[in-house]
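A.B. asks: Next up is a structure, given as structure tokens.
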Amino acid sequence: QVQLVESGGGLAQPGGSLRLSCAASGKIFTIGDMGWHRQAPGKERELVAVVGSGSGTKYADSVKGRFTISRDYARDTVYLQMDSLKPEDTAVYYCSAVLNLRLSWGQGIQVTVSS
């Protein structure tokens with residue numbers, strides 16, 4: 001069985017920073033794309049950022065220039081550095097990864113941006 005475990009998150013002030021981590025564990029043979037999505041109350045889940053197995057990245061327009069996704073291949077971990085946070089970044093953030101050719105999701109972690 002494979003799983004994704006998220007950490008980081010919490011409360012930040014507008015203009016502040018937070019860093020999310022997501023580690024894959026279990027019997028993993030291959031890892032494809034890894035990324036982050038988010039879901040705000042009353043809204044659909046949306047893609048925030050993704051990093052491919054070849055290190056190519058893609059960002060939602062709303063976070064470009066503020067968020068940075070990175071990946072540690074040795075630790076099977078993906079990170080999301082969030083800077084210049086805005087109240088509209090408040091959401092539950094979900095890690096995703098293609099593990100053993102199947103899409104897996106983390107349990108979600110709350111990020112709240114408020115003064």
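Note on naming: chains are A, B, ... as they come in the structure tokens, residues start from 1 per chain, ligands start from 1 in the order shown.
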Neighbours of region 50-66 of chain A within 8 Å (only C-alpha atoms; same-chain residues fewer than 3 positions away dropped), as a list in words?
C.D. replies: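 Close residues of region 50-66 of chain A: Ile31, Gly32, Asp33, Met34, Gly35, Trp36, Leu47, Ile69, Ser70, Arg71, Met82, Asp83, Ser84 and Leu85 of chain A.
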A.B. asks: For Ala40 (chain A), list every protein, DNA or RNA residue within 10 Å, evaluated using only C-alpha atoms, and leave out those in the same chain fewer than 5 positions away; present the list as number ranges by chain.
C.D. replies: A: 45-46, 88-93, 110-111
A.B. asks: Given the choices A:Trp105, A:Leu18, A:Ala24, A:Thr30, which gets closest to Thr68 (chain A) if the distance is worked out from only C-alpha atoms?
C.D. replies: A:Leu18
A.B. asks: Could you state the separation of CA of Arg19 (chain A) and CA of Leu80 (chain A) in Å, given to one decimal place?
C.D. replies: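 Between CA of Arg19 (chain A) and CA of Leu80 (chain A) the gap is 5.6 Å.
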